[in-house]
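Engineer: To start, I am sharing the structure in question, which I have written as structure tokens.
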Amino acid sequence: MKNLFRRLKPLIKKELLTLFRDPKSRIVLIAPPMMQLFVFAFAATLEVKNISLVILNQDTGKHSTELIHRMTGAPSFTAIKVAENLEEFKDAIDEQTAIAGLQIQQDFSRTIESGDSATLQVIMDGRRSNASQIVNAYLAILVNTYGDEIAADRTNNPKKIKIVERNWFNQNLLYMWYTIPSLVIILAMIIALIITSLSVSRERELGTFDQILVSPLLPHEI
């Protein structure tokens with residue numbers, strides 16, 4: 001192993017000097033990774049924003065109204081359309097003007113007031129499977145939060161056990177904090193392959209690759 005590093009050291013030194021002396025190589029080493037990191041940091045994300053939602057509200061009670069108001073006020077839902085009938089509700093999903101549809105039955109508020117569990121129907125656009133599953137999770141959080149508030153008001157007591165979540169080091173769960181480090185590693189691997197291929201091509205063009213082959217280095221080391 002010691003002899004291996006002794007043989008590789010001159011080659012590594014030569015490649016580094018060649019790399020930093022060549023202006024074109026310096027540009028390839030710095031400019032493309034910085035541009036890709038900037039673009040991918042905002043493009044490669046699992047976060048879904050500007051969600052288009054269609055709602056068919058067949059209930060006129062306070063609970064359905066309050067739930068719709070909460071969805072309207074949510075920052076992720078920016079395009080909420082209220083369908084007048086089932087056909088309009090269906091067309092919004094078919095024509096991809098809405099990624100999800102929420103149908104509230106006629107007895108929704110009455111069922112909640114009676115103390116029973118009410119149900120909501122959520123129709124997702126399966127053609128955008130990944131985004132629709134994320135939107136489904138957003139809707140579930142809103143509905144479950146409202147359901148917990150109703151349950152707490154009825155008993156006039158908070159839940160006996162309540163889980164309070166805290167996320168260390170990334171409290172707001174910003175995707176960029178865990179996406180950018182992985183992008184840096186991926187881009188570094190790609191640039192390493194590009195620089196290596198450019199080095200071999202340069203040696204071929206200059207006719208000096210044969211000189212490396214007759215050096216004390218073994219072929220697999222080169």
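Following the order of the structure tokens, chains are lettered A, B, ..., residues in each are numbered from 1, and ligands are numbered from 1.
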I'd like the contact shell of segment 77-82 of chain A - 10 Å cut-off, only C-alpha atoms, skipping same-chain residues fewer than 4 positions apart - returned as a PyMOL selection string.
Structural biologist: chain A and resi 48-57+68+70-73+88-89+92+97-98+100-102+135+138-139
Engineer: Mind checking which residues fall within 9 Å of segment 170-179 of chain A, counting only C-alpha atoms, ignoring those fewer than 5 positions away in the same chain, and posting them as a PyMOL selection string?
Structural biologist: chain A and resi 40-42+44-47+184
Engineer: As a ChimeraX atom specification, please: the residues near Leu67 of chain A (cut-off 12 Å, only C-alpha atoms, same-chain neighbours under 5 positions excluded).
Structural biologist: /A:55,57,59-62,72-74,102-104,108-109,120,139-147,149-150
Engineer: With a distance cut-off of 12 Å and only C-alpha atoms, select the neighbouring residues of Val28 of chain A, excluding the residue or stretch itself and same-chain residues fewer than 2 positions from it, and output the selection as a list of chain:residue names.
Structural biologist: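 So, after excluding close chain neighbours, the residues are A:Leu19, A:Phe20, A:Asp22, A:Pro23, A:Lys24, A:Ser25, A:Arg26, A:Ile30, A:Ala31, A:Pro32, A:Pro33, A:Met34, A:Met35, A:Gln36, A:Ala188, A:Ile190, A:Ile191, A:Ala192, A:Leu193, A:Ile194, A:Ile195, A:Thr196, A:Leu198, A:Ser199.
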Engineer: Can I get the selected residues back with N, CA, C and O atoms, as an mmCIF file, in the first residue's frame?
Structural biologist:
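File produced: result_28.cif:
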data_model
loop_
_atom_site.group_PDB
_atom_site.id
_atom_site.type_symbol
_atom_site.label_atom_id
_atom_site.label_comp_id
_atom_site.auth_asym_id
_atom_site.auth_seq_id
_atom_site.Cartn_x
_atom_site.Cartn_y
_atom_site.Cartn_z
ATOM 1 N N LEU A 19 -4.807 20.550 -14.281
ATOM 2 C CA LEU A 19 -6.204 20.962 -14.157
ATOM 3 C C LEU A 19 -6.318 22.443 -13.840
ATOM 4 O O LEU A 19 -7.104 23.163 -14.462
ATOM 5 N N PHE A 20 -5.525 22.922 -12.895
ATOM 6 C CA PHE A 20 -5.666 24.314 -12.456
ATOM 7 C C PHE A 20 -4.924 25.290 -13.356
ATOM 8 O O PHE A 20 -5.181 26.494 -13.300
ATOM 9 N N ASP A 22 -5.058 24.999 -16.699
ATOM 10 C CA ASP A 22 -5.868 25.106 -17.908
ATOM 11 C C ASP A 22 -7.142 25.901 -17.606
ATOM 12 O O ASP A 22 -7.960 25.461 -16.792
ATOM 13 N N PRO A 23 -7.352 27.061 -18.217
ATOM 14 C CA PRO A 23 -8.565 27.861 -17.927
ATOM 15 C C PRO A 23 -9.859 27.126 -18.251
ATOM 16 O O PRO A 23 -10.838 27.230 -17.514
ATOM 17 N N LYS A 24 -9.870 26.366 -19.341
ATOM 18 C CA LYS A 24 -11.083 25.638 -19.711
ATOM 19 C C LYS A 24 -11.426 24.572 -18.671
ATOM 20 O O LYS A 24 -12.597 24.359 -18.353
ATOM 21 N N SER A 25 -10.397 23.906 -18.157
ATOM 22 C CA SER A 25 -10.652 22.880 -17.137
ATOM 23 C C SER A 25 -11.186 23.507 -15.860
ATOM 24 O O SER A 25 -12.044 22.930 -15.186
ATOM 25 N N ARG A 26 -10.683 24.680 -15.519
ATOM 26 C CA ARG A 26 -11.183 25.366 -14.318
ATOM 27 C C ARG A 26 -12.651 25.740 -14.481
ATOM 28 O O ARG A 26 -13.442 25.655 -13.533
ATOM 29 N N ILE A 30 -15.824 24.359 -12.100
ATOM 30 C CA ILE A 30 -16.535 25.258 -11.187
ATOM 31 C C ILE A 30 -17.914 25.651 -11.717
ATOM 32 O O ILE A 30 -18.918 25.535 -11.000
ATOM 33 N N ALA A 31 -17.982 26.111 -12.967
ATOM 34 C CA ALA A 31 -19.230 26.699 -13.468
ATOM 35 C C ALA A 31 -20.387 25.707 -13.555
ATOM 36 O O ALA A 31 -21.463 25.964 -12.991
ATOM 37 N N PRO A 32 -20.250 24.560 -14.252
ATOM 38 C CA PRO A 32 -21.404 23.648 -14.361
ATOM 39 C C PRO A 32 -21.934 23.146 -13.019
ATOM 40 O O PRO A 32 -23.158 23.139 -12.815
ATOM 41 N N PRO A 33 -21.067 22.736 -12.064
ATOM 42 C CA PRO A 33 -21.630 22.284 -10.781
ATOM 43 C C PRO A 33 -22.407 23.367 -10.041
ATOM 44 O O PRO A 33 -23.447 23.085 -9.435
ATOM 45 N N MET A 34 -21.913 24.608 -10.083
ATOM 46 C CA MET A 34 -22.621 25.682 -9.392
ATOM 47 C C MET A 34 -23.981 25.945 -10.029
ATOM 48 O O MET A 34 -24.981 26.148 -9.330
ATOM 49 N N MET A 35 -24.034 25.930 -11.365
ATOM 50 C CA MET A 35 -25.304 26.140 -12.061
ATOM 51 C C MET A 35 -26.275 24.998 -11.783
ATOM 52 O O MET A 35 -27.459 25.220 -11.512
ATOM 53 N N GLN A 36 -25.773 23.760 -11.832
ATOM 54 C CA GLN A 36 -26.631 22.599 -11.586
ATOM 55 C C GLN A 36 -27.130 22.582 -10.148
ATOM 56 O O GLN A 36 -28.283 22.240 -9.890
ATOM 57 N N ALA A 188 -20.463 16.097 -7.393
ATOM 58 C CA ALA A 188 -19.019 15.865 -7.257
ATOM 59 C C ALA A 188 -18.610 14.577 -7.958
ATOM 60 O O ALA A 188 -17.554 14.522 -8.617
ATOM 61 N N ILE A 190 -20.178 13.213 -10.513
ATOM 62 C CA ILE A 190 -20.293 13.423 -11.966
ATOM 63 C C ILE A 190 -19.113 14.235 -12.502
ATOM 64 O O ILE A 190 -18.528 13.910 -13.543
ATOM 65 N N ILE A 191 -18.749 15.298 -11.772
ATOM 66 C CA ILE A 191 -17.630 16.134 -12.213
ATOM 67 C C ILE A 191 -16.329 15.343 -12.199
ATOM 68 O O ILE A 191 -15.455 15.527 -13.067
ATOM 69 N N ALA A 192 -16.168 14.457 -11.205
ATOM 70 C CA ALA A 192 -14.959 13.631 -11.166
ATOM 71 C C ALA A 192 -14.849 12.761 -12.410
ATOM 72 O O ALA A 192 -13.752 12.617 -12.995
ATOM 73 N N LEU A 193 -15.978 12.195 -12.849
ATOM 74 C CA LEU A 193 -15.960 11.388 -14.071
ATOM 75 C C LEU A 193 -15.659 12.244 -15.301
ATOM 76 O O LEU A 193 -14.917 11.828 -16.193
ATOM 77 N N ILE A 194 -16.233 13.444 -15.340
ATOM 78 C CA ILE A 194 -16.002 14.330 -16.489
ATOM 79 C C ILE A 194 -14.544 14.763 -16.555
ATOM 80 O O ILE A 194 -13.917 14.751 -17.628
ATOM 81 N N ILE A 195 -13.975 15.164 -15.403
ATOM 82 C CA ILE A 195 -12.587 15.608 -15.377
ATOM 83 C C ILE A 195 -11.653 14.468 -15.787
ATOM 84 O O ILE A 195 -10.662 14.667 -16.504
ATOM 85 N N THR A 196 -11.973 13.254 -15.340
ATOM 86 C CA THR A 196 -11.141 12.103 -15.699
ATOM 87 C C THR A 196 -11.171 11.849 -17.204
ATOM 88 O O THR A 196 -10.123 11.620 -17.837
ATOM 89 N N LEU A 198 -11.876 14.028 -19.534
ATOM 90 C CA LEU A 198 -11.183 15.131 -20.208
ATOM 91 C C LEU A 198 -9.672 14.961 -20.121
ATOM 92 O O LEU A 198 -8.941 15.280 -21.071
ATOM 93 N N SER A 199 -9.204 14.470 -18.981
ATOM 94 C CA SER A 199 -7.765 14.257 -18.817
ATOM 95 C C SER A 199 -7.244 13.196 -19.777
ATOM 96 O O SER A 199 -6.196 13.382 -20.424
#
Engineer: As a count of residues only, please: every residue in segment 48-195 of chain A that a backbone DSSP assignment puts in helix (DSSP H, G or I).
Structural biologist: 77
Engineer: Could you state the separation of atom CA of Gly126 of chain A and atom CA of Ile99 of chain A in Å, given to one decimal place?
Structural biologist: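 Interatomic distance, atom CA of Gly126 of chain A to atom CA of Ile99 of chain A: 8.7 Å.
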Engineer: Counting only C-alpha atoms, figure out which residue out of A:Leu4, A:Leu37, A:Ala43, A:Met124 gets nearest to His220 of chain A.
Structural biologist: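 Comparing A:Leu4, A:Leu37, A:Ala43, A:Met124 against His220 of chain A, the winner is A:Leu4.
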Engineer: So that I can see what lies close to Leu213 of chain A, please list as a PyMOL selection string the residues with an atom at most 8 Å from it, counting only C-alpha atoms and leaving out residues fewer than 5 positions away in the same chain.
Structural biologist: chain A and resi 218-219+222
Engineer: Write the residues you've just listed into a file as a compact mmCIF listing (two decimals), in the first residue's frame, and include N, CA, C and O atoms for each of them.
Structural biologist:
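Heads up, here's the output in again_33.txt:
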# COMPACT_ATOMS: atom_id res chain seq x y z
N LEU A 218 1.07 0.93 -12.87
CA LEU A 218 0.41 -0.22 -13.48
C LEU A 218 -0.85 0.26 -14.22
O LEU A 218 -1.40 1.32 -13.89
N PRO A 219 -1.34 -0.49 -15.20
CA PRO A 219 -2.52 -0.04 -15.96
C PRO A 219 -3.74 0.24 -15.11
O PRO A 219 -4.44 1.23 -15.31
N ILE A 222 -3.39 3.57 -13.37
CA ILE A 222 -3.65 4.71 -14.26
C ILE A 222 -5.14 4.91 -14.44
O ILE A 222 -5.64 6.04 -14.41
Engineer: Just to confirm, what's the straight-line distance from atom CA of Ala118 of chain A to atom CA of Gln106 of chain A in Å (one decimal)?
Structural biologist: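 Calculated distance between atom CA of Ala118 of chain A and atom CA of Gln106 of chain A is 10.7 Å.
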Engineer: Distance atom CA of Asp148 of chain A-atom CA of His63 of chain A, one decimal place?
Structural biologist: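 The value is 13.0 Å.
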Engineer: Can you check which residues of segment 43-140 of chain A DSSP gives as strand (DSSP E or B) on the backbone and send them as a ChimeraX atom specification?
Structural biologist: /A:51-57,77-82,100-104,121-124
Engineer: Which one of A:Glu203, A:Leu187, A:Val214, A:Ala152 sits closest to Lys14 of chain A if you count only C-alpha atoms?
Structural biologist: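 Nearest to Lys14 of chain A: A:Glu203.
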Engineer: Would you mind telling me which residue in A:Asp153, A:Asp116, A:Arg128, A:Asp107 lies nearest to Ile93 of chain A when using only C-alpha atoms?
Structural biologist: A:Arg128
Engineer: Which is closer to Ala83 of chain A than all the others in A:Ser129, A:Asn3, A:Gln58, A:Gln121, using only C-alpha atoms?
Structural biologist: A:Gln58
